[in-house]
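J.: Data: protein.txt, compact mmCIF, C-alpha atoms and all ligand atoms.
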```txt
# COMPACT_ATOMS: atom_id res chain seq x y z
CA MET B 1 114.28 88.25 54.45
CA LYS B 2 113.06 90.50 57.23
CA ARG B 3 115.54 90.69 60.10
CA LEU B 4 114.14 89.22 63.29
CA GLY B 5 113.42 91.64 66.13
CA VAL B 6 114.14 91.02 69.80
CA LEU B 7 110.61 89.74 70.40
CA GLU B 8 110.91 87.07 67.74
CA TRP B 9 114.25 85.96 69.19
CA ILE B 10 112.73 85.76 72.63
CA LEU B 11 109.93 83.56 71.32
CA ILE B 12 112.49 81.35 69.65
CA GLY B 13 114.48 81.15 72.89
CA PHE B 14 111.29 80.24 74.75
CA ALA B 15 110.37 77.41 72.36
CA LEU B 16 113.92 76.06 72.09
CA GLY B 17 114.22 76.15 75.89
CA ILE B 18 111.16 73.93 76.27
CA ILE B 19 112.47 71.49 73.67
CA ALA B 20 115.98 71.40 75.17
CA GLY B 21 114.60 70.88 78.69
CA ALA B 22 112.36 68.04 77.52
CA ILE B 23 115.20 66.29 75.68
CA VAL B 24 118.06 66.76 78.14
CA GLY B 25 116.13 66.51 81.43
CA PRO B 26 117.62 67.50 84.84
CA PRO B 27 121.27 67.90 83.66
CA ILE B 28 120.16 70.98 81.72
CA GLY B 29 120.18 72.65 85.15
CA VAL B 30 123.82 73.60 84.48
CA ILE B 31 122.64 76.46 82.28
CA LYS B 32 120.38 77.93 84.97
CA PRO B 33 122.98 80.63 85.83
CA LEU B 34 122.41 82.10 82.35
CA GLY B 35 118.78 82.60 83.33
CA THR B 36 119.67 83.89 86.77
CA LEU B 37 121.96 86.46 85.14
CA PHE B 38 119.05 87.66 83.04
CA VAL B 39 116.80 88.04 86.08
CA SER B 40 119.59 89.94 87.86
CA LEU B 41 119.94 92.28 84.88
CA LEU B 42 116.23 93.00 84.94
CA LYS B 43 116.27 93.52 88.69
CA MET B 44 119.16 95.94 88.34
CA LEU B 45 116.83 98.22 86.38
CA ILE B 46 113.89 98.19 88.76
CA VAL B 47 114.79 100.68 91.48
CA PRO B 48 116.06 103.53 89.29
CA LEU B 49 113.32 102.89 86.74
CA ILE B 50 110.40 102.84 89.17
CA PHE B 51 111.68 105.80 91.10
CA SER B 52 112.41 108.05 88.15
CA VAL B 53 109.30 107.30 86.11
CA LEU B 54 106.99 107.55 89.08
CA VAL B 55 108.43 110.85 90.22
CA VAL B 56 108.09 112.24 86.69
CA GLY B 57 104.60 110.81 86.19
CA VAL B 58 103.16 111.96 89.49
CA SER B 59 104.73 115.41 89.34
CA SER B 60 102.84 116.05 86.11
CA PHE B 61 99.43 115.32 87.64
CA THR B 62 97.43 118.07 89.21
CA GLY B 63 95.84 117.30 92.56
CA GLU B 64 92.47 116.51 90.99
CA LYS B 65 93.85 114.20 88.35
CA LEU B 66 96.00 112.38 90.87
CA GLY B 67 92.96 111.67 93.04
CA ARG B 68 91.01 110.42 90.02
CA MET B 69 93.87 108.15 88.94
CA PHE B 70 94.08 106.65 92.42
CA GLY B 71 90.33 106.06 92.49
CA LYS B 72 90.21 104.39 89.08
CA THR B 73 93.33 102.34 89.63
CA PHE B 74 92.17 100.93 92.93
CA PHE B 75 88.65 100.34 91.65
CA PHE B 76 90.09 98.29 88.77
CA TYR B 77 92.46 96.38 91.05
CA TYR B 78 89.71 95.33 93.46
CA PHE B 79 87.02 94.69 90.90
CA THR B 80 89.18 92.30 88.89
CA GLY B 81 90.67 90.87 92.10
CA LEU B 82 87.17 89.85 93.19
CA CYS B 83 86.46 88.32 89.78
CA ALA B 84 89.72 86.37 90.07
CA ILE B 85 88.81 84.94 93.45
CA CYS B 86 85.32 84.00 92.29
CA ILE B 87 86.77 82.18 89.29
CA GLY B 88 89.31 80.35 91.49
CA LEU B 89 86.67 79.34 94.03
CA ILE B 90 84.04 78.28 91.49
CA VAL B 91 86.54 76.16 89.54
CA ALA B 92 87.84 74.63 92.79
CA VAL B 93 84.39 73.79 94.15
CA VAL B 94 82.96 72.46 90.90
CA SER B 95 86.03 70.29 90.22
CA GLY B 96 86.42 68.98 93.77
CA VAL B 97 90.18 69.36 93.35
CA GLY B 98 92.29 67.59 95.98
CA MET B 99 89.55 65.20 97.15
CA GLY B 100 90.80 61.71 97.97
CA MET B 101 94.44 62.73 97.71
CA GLU B 102 97.01 60.63 99.57
CA LEU B 103 99.12 62.97 101.65
CA GLY B 104 101.21 60.36 103.43
CA GLU B 105 103.68 59.80 100.62
CA LEU B 106 104.48 63.42 100.09
CA LYS B 107 107.61 64.71 101.69
CA LYS B 108 107.51 67.81 103.82
CA MET B 109 109.90 70.71 103.97
CA VAL B 110 110.50 73.71 106.14
CA VAL B 111 108.08 76.51 105.46
CA LYS B 112 108.72 80.21 105.78
CA GLU B 113 105.88 82.10 107.44
CA ALA B 114 104.01 84.91 105.73
CA PRO B 115 104.27 88.30 107.44
CA PRO B 116 101.03 89.53 109.08
CA PHE B 117 99.01 91.82 106.80
CA LYS B 118 99.15 94.64 109.39
CA ASP B 119 102.94 94.67 109.06
CA VAL B 120 102.73 94.71 105.28
CA LEU B 121 100.59 97.87 105.51
CA LEU B 122 102.67 99.60 108.18
CA ASN B 123 105.87 98.91 106.29
CA ILE B 124 104.75 100.94 103.30
CA VAL B 125 106.13 104.12 104.87
CA PRO B 126 109.94 103.99 104.74
CA LYS B 127 111.69 105.27 107.84
CA ASN B 128 114.68 105.93 105.66
CA PRO B 129 113.97 106.36 101.93
CA ILE B 130 117.62 105.89 100.96
CA LYS B 131 117.69 102.56 102.77
CA ALA B 132 114.45 101.57 101.02
CA LEU B 133 116.06 102.37 97.67
CA ALA B 134 119.22 100.49 98.57
CA GLU B 135 117.29 97.43 99.69
CA GLY B 136 114.86 97.53 96.78
CA LYS B 137 111.73 97.68 98.96
CA VAL B 138 109.30 98.31 96.14
CA LEU B 139 106.20 99.43 98.04
CA GLN B 140 108.26 101.82 100.16
CA ILE B 141 109.93 103.20 97.06
CA ILE B 142 106.56 103.73 95.40
CA PHE B 143 105.25 105.53 98.47
CA PHE B 144 108.24 107.84 98.64
CA ALA B 145 108.25 108.46 94.88
CA ILE B 146 104.58 109.44 94.97
CA VAL B 147 104.96 111.94 97.82
CA PHE B 148 108.20 113.24 96.32
CA GLY B 149 106.55 113.66 92.90
CA VAL B 150 103.50 115.39 94.35
CA SER B 151 105.78 117.79 96.20
CA ILE B 152 107.74 118.58 93.02
CA GLY B 153 104.43 119.46 91.36
CA ALA B 154 103.47 121.63 94.33
CA ALA B 155 106.84 123.41 94.41
CA GLY B 156 106.26 124.63 90.83
CA ARG B 157 109.02 126.52 88.99
CA ALA B 158 111.52 126.20 91.80
CA ALA B 159 111.63 122.43 91.26
CA ASP B 160 111.85 122.47 87.45
CA SER B 161 115.46 121.37 87.43
CA VAL B 162 114.73 118.44 89.76
CA LYS B 163 111.94 117.32 87.45
CA ALA B 164 114.15 117.66 84.38
CA PHE B 165 116.81 115.58 86.12
CA PHE B 166 114.41 112.72 86.77
CA GLU B 167 113.04 112.97 83.23
CA GLY B 168 116.58 112.43 81.99
CA VAL B 169 117.13 109.50 84.34
CA ALA B 170 113.87 107.90 83.15
CA GLU B 171 114.93 108.21 79.50
CA VAL B 172 118.30 106.66 80.26
CA MET B 173 116.63 103.80 82.09
CA TYR B 174 114.32 103.08 79.16
CA LYS B 175 117.37 102.90 76.88
CA LEU B 176 119.01 100.50 79.28
CA VAL B 177 115.91 98.32 79.28
CA GLY B 178 116.27 98.05 75.50
CA TYR B 179 119.87 96.86 75.84
CA VAL B 180 119.07 94.31 78.55
CA LEU B 181 116.29 92.89 76.42
CA TRP B 182 118.82 91.79 73.86
CA TYR B 183 120.05 89.28 76.39
CA GLY B 184 116.42 88.11 76.78
CA PRO B 185 116.46 85.26 74.25
CA ILE B 186 119.36 83.53 76.03
CA GLY B 187 117.94 84.23 79.49
CA VAL B 188 114.49 82.97 78.56
CA PHE B 189 115.97 79.90 76.87
CA ALA B 190 117.92 79.00 80.01
CA LEU B 191 115.00 79.57 82.37
CA MET B 192 112.55 77.52 80.31
CA ALA B 193 115.06 74.70 79.71
CA TRP B 194 115.79 74.53 83.43
CA THR B 195 112.10 74.52 84.39
CA VAL B 196 111.08 71.86 81.89
CA GLY B 197 114.23 69.81 82.51
CA THR B 198 113.81 69.87 86.29
CA TYR B 199 110.13 69.08 86.51
CA GLY B 200 109.83 65.94 84.45
CA LEU B 201 106.26 64.90 83.82
CA SER B 202 106.28 62.29 86.58
CA VAL B 203 106.73 64.86 89.41
CA LEU B 204 103.62 66.58 88.20
CA LYS B 205 101.35 63.55 88.30
CA PRO B 206 99.77 63.81 91.77
CA PHE B 207 99.23 67.49 91.16
CA ALA B 208 98.29 67.33 87.52
CA TYR B 209 94.65 68.15 88.19
CA LEU B 210 95.47 71.21 90.31
CA ILE B 211 98.01 72.41 87.76
CA ILE B 212 95.58 72.02 84.87
CA LEU B 213 92.90 73.89 86.82
CA VAL B 214 95.30 76.76 87.53
CA TYR B 215 96.00 77.05 83.80
CA ILE B 216 92.29 76.86 82.92
CA SER B 217 91.26 79.45 85.52
CA THR B 218 94.00 81.88 84.53
CA ALA B 219 92.97 81.51 80.87
CA ILE B 220 89.33 82.24 81.80
CA MET B 221 90.51 85.34 83.62
CA VAL B 222 92.47 86.64 80.65
CA PHE B 223 90.02 85.91 77.88
CA PHE B 224 86.72 86.51 79.63
CA VAL B 225 87.37 89.09 82.33
CA TYR B 226 90.14 91.23 80.81
CA GLY B 227 88.98 90.49 77.26
CA GLY B 228 85.41 91.45 78.20
CA LEU B 229 86.46 94.62 80.02
CA LEU B 230 88.66 95.74 77.14
CA ARG B 231 85.82 95.23 74.68
CA VAL B 232 83.35 97.12 76.89
CA PHE B 233 85.72 100.08 76.86
CA GLY B 234 86.18 99.95 73.08
CA ILE B 235 89.58 98.26 72.91
CA ARG B 236 90.18 95.21 70.70
CA PRO B 237 91.32 92.54 73.18
CA TYR B 238 93.29 90.30 70.85
CA ARG B 239 95.04 93.23 69.22
CA PHE B 240 95.98 94.50 72.66
CA PHE B 241 97.16 91.11 73.96
CA ASN B 242 99.19 90.68 70.81
CA LYS B 243 100.89 94.03 71.26
CA ILE B 244 101.89 93.35 74.85
CA LYS B 245 102.68 89.62 74.57
CA GLU B 246 106.38 90.13 75.18
CA ALA B 247 105.64 91.04 78.82
CA PRO B 248 103.60 87.94 79.80
CA ILE B 249 106.20 85.77 78.03
CA PHE B 250 108.90 87.30 80.20
CA ALA B 251 106.71 86.89 83.25
CA PHE B 252 106.04 83.26 82.38
CA SER B 253 109.74 82.51 82.15
CA THR B 254 111.02 84.62 85.05
CA CYS B 255 108.06 84.11 87.43
CA SER B 256 108.64 87.64 88.69
CA SER B 257 106.33 90.61 88.16
CA SER B 258 109.00 92.92 89.52
CA ALA B 259 111.71 91.67 87.19
CA THR B 260 109.26 91.93 84.29
CA LEU B 261 108.33 95.52 85.12
CA PRO B 262 110.85 97.15 82.77
CA VAL B 263 109.47 95.05 79.92
CA THR B 264 105.86 95.77 80.87
CA MET B 265 106.55 99.51 80.92
CA ARG B 266 108.10 99.32 77.50
CA VAL B 267 105.38 97.32 75.75
CA VAL B 268 102.45 99.14 77.32
CA LYS B 269 104.01 102.50 76.44
CA ALA B 270 104.38 101.26 72.87
CA THR B 271 100.60 100.64 72.65
CA GLY B 272 100.08 104.38 73.03
CA VAL B 273 99.42 104.67 76.78
CA SER B 274 101.01 107.86 78.14
CA ASP B 275 104.19 107.85 80.19
CA ALA B 276 102.34 109.37 83.11
CA THR B 277 99.70 106.64 83.22
CA CYS B 278 102.23 103.82 82.70
CA SER B 279 104.44 105.15 85.41
CA PHE B 280 101.60 105.40 87.86
CA VAL B 281 99.65 102.21 87.18
CA LEU B 282 102.35 99.68 86.31
CA PRO B 283 104.84 99.86 89.20
CA LEU B 284 102.02 99.96 91.72
CA GLY B 285 100.28 97.09 89.95
CA SER B 286 103.43 94.98 89.84
CA THR B 287 103.40 94.80 93.63
CA ILE B 288 99.78 95.06 94.76
CA ASN B 289 97.65 93.94 91.82
CA MET B 290 97.99 90.20 91.41
CA ASP B 291 94.89 88.50 90.09
CA GLY B 292 96.81 85.45 88.92
CA THR B 293 98.12 84.99 92.46
CA ALA B 294 94.62 85.45 93.92
CA ILE B 295 93.17 82.76 91.62
CA TYR B 296 95.98 80.42 92.57
CA GLN B 297 95.57 81.02 96.29
CA ALA B 298 91.83 80.36 96.15
CA LEU B 299 92.35 77.14 94.19
CA ALA B 300 95.28 75.94 96.27
CA ALA B 301 93.45 76.62 99.56
CA VAL B 302 90.45 74.52 98.51
CA PHE B 303 92.79 71.84 97.10
CA LEU B 304 94.64 71.54 100.41
CA ALA B 305 91.48 71.66 102.52
CA ASN B 306 90.08 68.79 100.45
CA ALA B 307 93.37 66.91 100.61
CA PHE B 308 93.41 67.20 104.42
CA GLY B 309 89.73 66.18 104.51
CA ILE B 310 88.59 69.52 105.96
CA GLN B 311 84.97 70.32 105.19
CA LEU B 312 84.51 73.85 103.91
CA GLY B 313 81.29 75.82 104.38
CA PHE B 314 80.10 79.11 102.93
CA GLY B 315 81.84 81.08 105.69
CA HIS B 316 85.15 79.43 104.78
CA TYR B 317 84.78 80.46 101.17
CA VAL B 318 84.17 84.06 102.21
CA LEU B 319 87.26 83.88 104.41
CA ILE B 320 89.32 82.44 101.56
CA GLY B 321 88.09 85.25 99.32
CA VAL B 322 88.96 88.04 101.74
CA THR B 323 92.32 86.65 102.81
CA ALA B 324 93.35 85.72 99.26
CA LEU B 325 92.63 89.28 98.18
CA PHE B 326 94.80 90.67 100.96
CA ALA B 327 97.43 88.00 100.52
CA SER B 328 97.73 88.81 96.84
CA ILE B 329 98.16 92.50 97.67
CA GLY B 330 100.93 91.68 100.13
CA THR B 331 102.66 89.25 97.77
CA ALA B 332 105.99 90.48 96.46
CA GLY B 333 106.54 90.24 92.71
CA VAL B 334 109.19 87.53 93.03
CA PRO B 335 109.13 83.79 92.28
CA GLY B 336 107.23 81.74 94.81
CA ALA B 337 106.02 84.68 96.89
CA GLY B 338 102.39 83.72 96.33
CA LEU B 339 103.09 80.31 97.82
CA ILE B 340 104.44 81.81 101.04
CA MET B 341 101.49 84.20 101.29
CA LEU B 342 99.16 81.24 100.88
CA GLY B 343 99.97 80.64 104.56
CA MET B 344 97.72 83.58 105.42
CA VAL B 345 94.77 81.99 103.62
CA LEU B 346 95.39 78.53 105.07
CA GLY B 347 95.72 79.96 108.57
CA ALA B 348 92.37 81.70 108.24
CA ILE B 349 90.48 78.51 107.35
CA GLY B 350 92.34 76.18 109.69
CA VAL B 351 94.29 74.18 107.10
CA PRO B 352 97.75 73.12 108.37
CA ILE B 353 100.49 75.42 107.08
CA GLU B 354 102.43 72.28 106.11
CA GLY B 355 100.13 72.29 103.10
CA ILE B 356 102.48 74.82 101.59
CA ALA B 357 105.31 72.31 101.69
CA ILE B 358 103.15 69.77 99.91
CA ILE B 359 102.71 71.90 96.84
CA ALA B 360 106.05 73.71 97.03
CA GLY B 361 107.73 71.14 94.78
CA VAL B 362 105.56 72.00 91.82
CA ASP B 363 104.90 75.64 92.61
CA ARG B 364 107.10 76.92 89.81
CA ILE B 365 104.85 75.32 87.19
CA MET B 366 101.88 77.21 88.63
CA ASP B 367 103.89 80.38 89.26
CA MET B 368 104.43 80.74 85.51
CA PRO B 369 100.80 81.26 84.44
CA ARG B 370 99.88 83.26 87.52
CA THR B 371 102.75 85.70 87.03
CA ALA B 372 101.84 86.06 83.35
CA VAL B 373 98.27 86.87 84.38
CA ASN B 374 99.51 89.37 86.96
CA ILE B 375 101.23 91.19 84.12
CA VAL B 376 98.28 91.10 81.73
CA ASP B 377 96.24 92.40 84.66
CA ASP B 378 98.47 95.46 85.14
CA SER B 379 98.73 96.13 81.42
CA THR B 380 94.94 95.97 81.03
CA ALA B 381 94.54 98.37 83.95
CA ALA B 382 96.93 100.83 82.32
CA VAL B 383 95.23 100.85 78.92
CA LEU B 384 91.73 101.09 80.40
CA ILE B 385 92.70 103.96 82.63
CA ALA B 386 94.37 105.69 79.66
CA LYS B 387 91.20 105.21 77.64
CA THR B 388 88.90 106.58 80.34
CA GLU B 389 91.26 109.54 80.80
CA GLY B 390 90.72 110.36 77.12
CA GLU B 391 94.30 109.60 76.04
CA PRO B 392 94.58 109.21 72.27
CA LEU B 393 95.12 105.51 71.51
CA PRO B 394 95.98 104.33 68.00
CA ASP B 395 93.02 103.51 65.77
CA ASP B 396 94.04 99.92 65.22
CA LEU B 397 93.62 99.26 68.95
CA LEU B 398 90.05 100.54 69.05
CA THR B 399 86.85 98.72 68.14
CA ALA B 400 84.89 100.08 65.18
CA LYS B 401 82.35 101.56 67.60
CA ALA B 402 85.00 103.36 69.64
CA ARG B 403 86.54 104.83 66.47
CA SER B 404 83.31 106.29 65.14
N1 LIG U 501 105.60 85.18 91.14
C1 LIG U 501 104.45 86.03 91.25
C2 LIG U 501 104.76 87.40 90.66
O1 LIG U 501 105.88 87.80 90.65
C3 LIG U 501 103.96 86.19 92.63
C4 LIG U 501 103.47 84.87 93.11
O2 LIG U 501 104.28 84.06 93.52
O3 LIG U 501 102.25 84.64 93.04
O4 LIG U 501 103.85 88.07 90.21
```
Turn this file's structure into structure tokens for me.
Ligand code: ASP

T.:
Amino acid sequence: MKRLGVLEWILIGFALGIIAGAIVGPPIGVIKPLGTLFVSLLKMLIVPLIFSVLVVGVSSFTGEKLGRMFGKTFFFYYFTGLCAICIGLIVAVVSGVGMGMELGELKKMVVKEAPPFKDVLLNIVPKNPIKALAEGKVLQIIFFAIVFGVSIGAAGRAADSVKAFFEGVAEVMYKLVGYVLWYGPIGVFALMAWTVGTYGLSVLKPFAYLIILVYISTAIMVFFVYGGLLRVFGIRPYRFFNKIKEAPIFAFSTCSSSATLPVTMRVVKATGVSDATCSFVLPLGSTINMDGTAIYQALAAVFLANAFGIQLGFGHYVLIGVTALFASIGTAGVPGAGLIMLGMVLGAIGVPIEGIAIIAGVDRIMDMPRTAVNIVDDSTAAVLIAKTEGEPLPDDLLTAKARS
């Protein structure tokens, strides 16, 4: 018999976790620390991984290529972001989600406020890069890594040893990712068992419609938008999704794009995308490219407006679109961050911020698919950019037309 690889074990852990959670119910919560340990292990990798691979990747781009990569990456992020919001809004409006909902019975809780978008932008430049590294401020780290990498490239021969050092660190980090993944099956088992055990079916009932719509909209995004784009660029969508599936599975169980980043880097690299492209597109994407979050915010905003009996007009939908796009950019890749940033969207259309508390109880269930989509989103961006940059991708990933 063929020995099972880590991916197969993770899938087994995932399935067993769901079964165990369903059978045992809330008491299964005792094993949550096993899942938390896994997330901590993944997080441990993020700062050194992002910093080293980005520095190496960017330092190998010439000025012209760097500009082109930026242009393409951002074009992809915003194009698909807009598609995501349109899907969220259309599904929300057509379904009338949230209409006639009884809010009185639902308990409220204290809500954290989302930071203003201006602050999110200004905070990208770290006053002290070492502090940013120590505190794991991902956008600040990315900013510093990019300027540091560009400067290594500009310094030429004199900086060869610095570049070689970071190349070594990146290799070591990739090895470490491989080791941590072997704990994945247990971590994923614990996280799924806890989620399913905690949220029995009855908690979901008042929100079932919203939850189902989030799953439907995120599926539309993956299969129609990303699938369609991949095909247009000569990549076989199902083959690609199959090759990277480990990453969305991790995202689904951890609800964290940042924690999943080491896995995303590994699987996308294995599809044939170059180190340089992976290291540029994926870390950036894991913090500012969140289509799953944008879909969710659009749907949740309409749901809450309907639940509060607030009439929405065309102008409101435009506002939801614009703010959800910015909110998704500002959302950190951690569990529940999209829910907090929803405050920005609700504020813009005059829906009480307490709305966040109403859906907070079931947010995790909706965080799972949106985080998985956020990861498919970044992975698709990376492979499409690699393809348009003329990187050689394996034949089995290409459509017959692209091969000829
Ligand atoms: N959990 C999501 C992520 O890490 C962000 C969100 O809450 O929408 O990608």

J.: Which of these, B:Gly5, B:Gly98, B:Pro392, B:Gly63, has the shortest distance to B:Ser274 once you count all atoms listed in the file?

T.: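 Checking each candidate against B:Ser274, we get B:Pro392 as the closest.
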
J.: Could you tell me how far atom CA of B:Asp395 lies from atom CA of B:Ala382, in Å and to one decimal?

T.: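 Atom CA of B:Ala382 lies at a distance of 17.2 Å from atom CA of B:Asp395.
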
J.: Go through chain B and flag each residue having an atom no more than 10 Å from ligand LIG 501 (chain U); for those, report the closest pair of atoms plus their distance in Å to one decimal, using all atoms listed in the file, ordered by chain and rising number, as a Markdown table.

T.:
```
| residue | atom | partner | partner_atom | distance |
| --- | --- | --- | --- | --- |
| B:Ala251 | CA | U:LIG501 | O1 | 7.5 |
| B:Phe252 | CA | U:LIG501 | N1 | 9.0 |
| B:Thr254 | CA | U:LIG501 | N1 | 8.2 |
| B:Cys255 | CA | U:LIG501 | N1 | 4.6 |
| B:Ser256 | CA | U:LIG501 | O1 | 3.4 |
| B:Ser257 | CA | U:LIG501 | O1 | 3.8 |
| B:Ser258 | CA | U:LIG501 | O1 | 6.1 |
| B:Ala259 | CA | U:LIG501 | O1 | 7.8 |
| B:Thr260 | CA | U:LIG501 | O1 | 8.3 |
| B:Leu261 | CA | U:LIG501 | O1 | 9.8 |
| B:Gly285 | CA | U:LIG501 | O4 | 9.7 |
| B:Ser286 | CA | U:LIG501 | O4 | 6.9 |
| B:Thr287 | CA | U:LIG501 | O4 | 7.6 |
| B:Ile288 | CA | U:LIG501 | O4 | 9.3 |
| B:Asn289 | CA | U:LIG501 | O4 | 8.7 |
| B:Met290 | CA | U:LIG501 | O4 | 6.3 |
| B:Asp291 | CA | U:LIG501 | O3 | 8.8 |
| B:Gly292 | CA | U:LIG501 | O3 | 6.9 |
| B:Thr293 | CA | U:LIG501 | O3 | 4.2 |
| B:Ala294 | CA | U:LIG501 | O3 | 7.7 |
| B:Ile295 | CA | U:LIG501 | O3 | 9.4 |
| B:Tyr296 | CA | U:LIG501 | O3 | 7.6 |
| B:Gln297 | CA | U:LIG501 | O3 | 8.3 |
| B:Ala327 | CA | U:LIG501 | O3 | 9.5 |
| B:Ser328 | CA | U:LIG501 | O3 | 7.2 |
| B:Ile329 | CA | U:LIG501 | C3 | 9.9 |
| B:Gly330 | CA | U:LIG501 | C3 | 9.8 |
| B:Thr331 | CA | U:LIG501 | C3 | 6.1 |
| B:Ala332 | CA | U:LIG501 | C3 | 6.1 |
| B:Gly333 | CA | U:LIG501 | O1 | 3.3 |
| B:Val334 | CA | U:LIG501 | O1 | 4.1 |
| B:Pro335 | CA | U:LIG501 | N1 | 4.0 |
| B:Gly336 | CA | U:LIG501 | O2 | 4.0 |
| B:Ala337 | CA | U:LIG501 | O2 | 3.8 |
| B:Gly338 | CA | U:LIG501 | O2 | 3.4 |
| B:Leu339 | CA | U:LIG501 | O2 | 5.8 |
| B:Ile340 | CA | U:LIG501 | O2 | 7.9 |
| B:Met341 | CA | U:LIG501 | O2 | 8.3 |
| B:Leu342 | CA | U:LIG501 | O3 | 9.1 |
| B:Asp363 | CA | U:LIG501 | O2 | 8.5 |
| B:Arg364 | CA | U:LIG501 | N1 | 8.5 |
| B:Met366 | CA | U:LIG501 | O3 | 8.6 |
| B:Asp367 | CA | U:LIG501 | N1 | 5.4 |
| B:Met368 | CA | U:LIG501 | N1 | 7.3 |
| B:Pro369 | CA | U:LIG501 | C1 | 9.1 |
| B:Arg370 | CA | U:LIG501 | O3 | 6.2 |
| B:Thr371 | CA | U:LIG501 | O4 | 4.1 |
| B:Ala372 | CA | U:LIG501 | O4 | 7.4 |
| B:Val373 | CA | U:LIG501 | O4 | 8.2 |
| B:Asn374 | CA | U:LIG501 | O4 | 5.6 |
| B:Ile375 | CA | U:LIG501 | O4 | 7.3 |
```

J.: May I have the protein, DNA and RNA residues with any atom at most 12 Å from the point (112.9, 72.2, 73.9), counting all atoms listed in the file, written as a list in words?

T.: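 Residues lying no farther than 12 Å from the given point: Ile12, Gly13, Phe14, Ala15, Leu16, Gly17, Ile18, Ile19, Ala20, Gly21, Ala22, Ile23, Val24, Gly25, Ile28, Val188, Phe189, Ala190, Leu191, Met192, Ala193, Trp194, Thr195, Val196 and Gly197 of chain B.
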
J.: Record the distance separating atom CA of B:Ile152 and atom CA of B:Ala270, expressed in Å with one decimal.

T.: 26.8 Å

J.: For B:Val169, which of B:Ser95, B:Ser60, B:Ser52, B:Thr218 is the closest residue, counting only C-alpha atoms?

T.: B:Ser52

J.: With all atoms listed in the file as the atoms that count, which of B:Val222, B:Ala307, B:Val281, B:Ile142 lies nearest to B:Val55?

T.: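 For B:Val55, the nearest of the candidates is B:Ile142.
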
J.: What's the 9 Å shell around B:Pro262, counting only C-alpha atoms, without same-chain residues fewer than 2 positions away, as a CSV table (one decimal) with C-alpha atoms, in the frame of the given file?

T.:
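Result written to part.csv:
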```csv
chain,number,residue,atom,x,y,z
B,42,LEU,CA,116.2,93.0,84.9
B,43,LYS,CA,116.3,93.5,88.7
B,45,LEU,CA,116.8,98.2,86.4
B,46,ILE,CA,113.9,98.2,88.8
B,49,LEU,CA,113.3,102.9,86.7
B,50,ILE,CA,110.4,102.8,89.2
B,173,MET,CA,116.6,103.8,82.1
B,174,TYR,CA,114.3,103.1,79.2
B,177,VAL,CA,115.9,98.3,79.3
B,247,ALA,CA,105.6,91.0,78.8
B,258,SER,CA,109.0,92.9,89.5
B,259,ALA,CA,111.7,91.7,87.2
B,260,THR,CA,109.3,91.9,84.3
B,264,THR,CA,105.9,95.8,80.9
B,265,MET,CA,106.6,99.5,80.9
B,266,ARG,CA,108.1,99.3,77.5
B,267,VAL,CA,105.4,97.3,75.8
```

J.: What is the distance, in Å and to one decimal place, between atom CA of B:Gly29 and atom CA of B:Ile359?

T.: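 Pair atom CA of B:Gly29 / atom CA of B:Ile359 returns 21.0 Å.
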
J.: Given only C-alpha atoms as the basis, pick out the residue of B:Ile85, B:Lys137, B:Val232, B:Ser404 nearest to B:Val318.

T.: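 The shortest atom-to-atom distance to B:Val318 comes from B:Ile85.
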
J.: Counting all atoms listed in the file, write as a list of chain:residue names all protein and nucleic acid residues lying at most 10 Å from (116.2, 87.5, 73.0) in the file's frame.

T.: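 Residues satisfying the cut-off, written out: B:Gly5, B:Val6, B:Leu7, B:Glu8, B:Trp9, B:Ile10, B:Leu11, B:Ile12, B:Gly13, B:Phe14, B:Val180, B:Leu181, B:Trp182, B:Tyr183, B:Gly184, B:Pro185, B:Ile186, B:Gly187, B:Val188, B:Phe189.
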
J.: Got a sec: who's within 9 Å of B:Val97, counting only C-alpha atoms, leaving out chain neighbours fewer than 6 positions off, as a ChimeraX atom specification?

T.: /B:91,209-210,213,299-300,302-304,306-307

J.: Determine the nearest neighbour of B:Ile141 from the options B:Ala357, B:Val47, B:Phe326, B:Ala386, counting only C-alpha atoms.

T.: B:Val47

J.: I want to know what sits within 7 Å of stretch 243-246 of chain B, based on only C-alpha atoms, with residues of the same chain fewer than 3 positions away left out; could you give that as a PyMOL selection string?

T.: chain B and resi 7+239-240+249-250+267-268+271

J.: Which residue is closest to B:Leu204? Choose from B:Ile365, B:Ala276, B:Ala305, B:Val93 and count all atoms listed in the file.

T.: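 The closest residue to B:Leu204 is B:Ile365.
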
J.: Neighbouring residues of B:Tyr78 were defined as those with any atom within 9 Å, considering all atoms listed in the file; residues of the same chain fewer than 4 positions away were excluded. Please report them as a list in words.

T.: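 Listing them by chain and then by number gives Thr73, Phe74, Leu82, Cys83, Asn289 and Leu325 of chain B.
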
J.: If we count all atoms listed in the file, what is near B:Gly156 at a cut-off of 12 Å, once residues fewer than 5 positions away on the same chain are taken out, given as a list in words?

T.: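 Near neighbours after the sequence-gap exclusion: Ser59, Ser60, Phe61, Thr62, Gly149, Val150, Ser151, Ser161, Val162 and Lys163 of chain B.
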
J.: Taking all atoms of stretch 177-183 of chain B that the file lists, what box with edges along x, y and z, padded by 3 Å per side, do you get, with centre and edge lengths in Å to one decimal, as AutoDock Vina command-line options?

T.:
```
--center_x 118.0 --center_y 93.8 --center_z 76.6 --size_x 10.1 --size_y 15.0 --size_z 11.4
```

J.: Would you mind exporting stretch 19-26 of chain B with C-alpha atoms, as an mmCIF file, in the first residue's frame?

T.:
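Result saved to result-v2.cif:
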```
data_model
loop_
_atom_site.group_PDB
_atom_site.id
_atom_site.type_symbol
_atom_site.label_atom_id
_atom_site.label_comp_id
_atom_site.auth_asym_id
_atom_site.auth_seq_id
_atom_site.Cartn_x
_atom_site.Cartn_y
_atom_site.Cartn_z
ATOM 1 C CA ILE B 19 -17.329 13.697 12.865
ATOM 2 C CA ALA B 20 -15.896 13.947 16.390
ATOM 3 C CA GLY B 21 -17.332 17.454 16.857
ATOM 4 C CA ALA B 22 -20.769 16.339 15.687
ATOM 5 C CA ILE B 23 -20.796 13.310 18.002
ATOM 6 C CA VAL B 24 -19.261 14.792 21.152
ATOM 7 C CA GLY B 25 -20.696 18.329 20.963
ATOM 8 C CA PRO B 26 -19.440 21.241 23.147
#
```
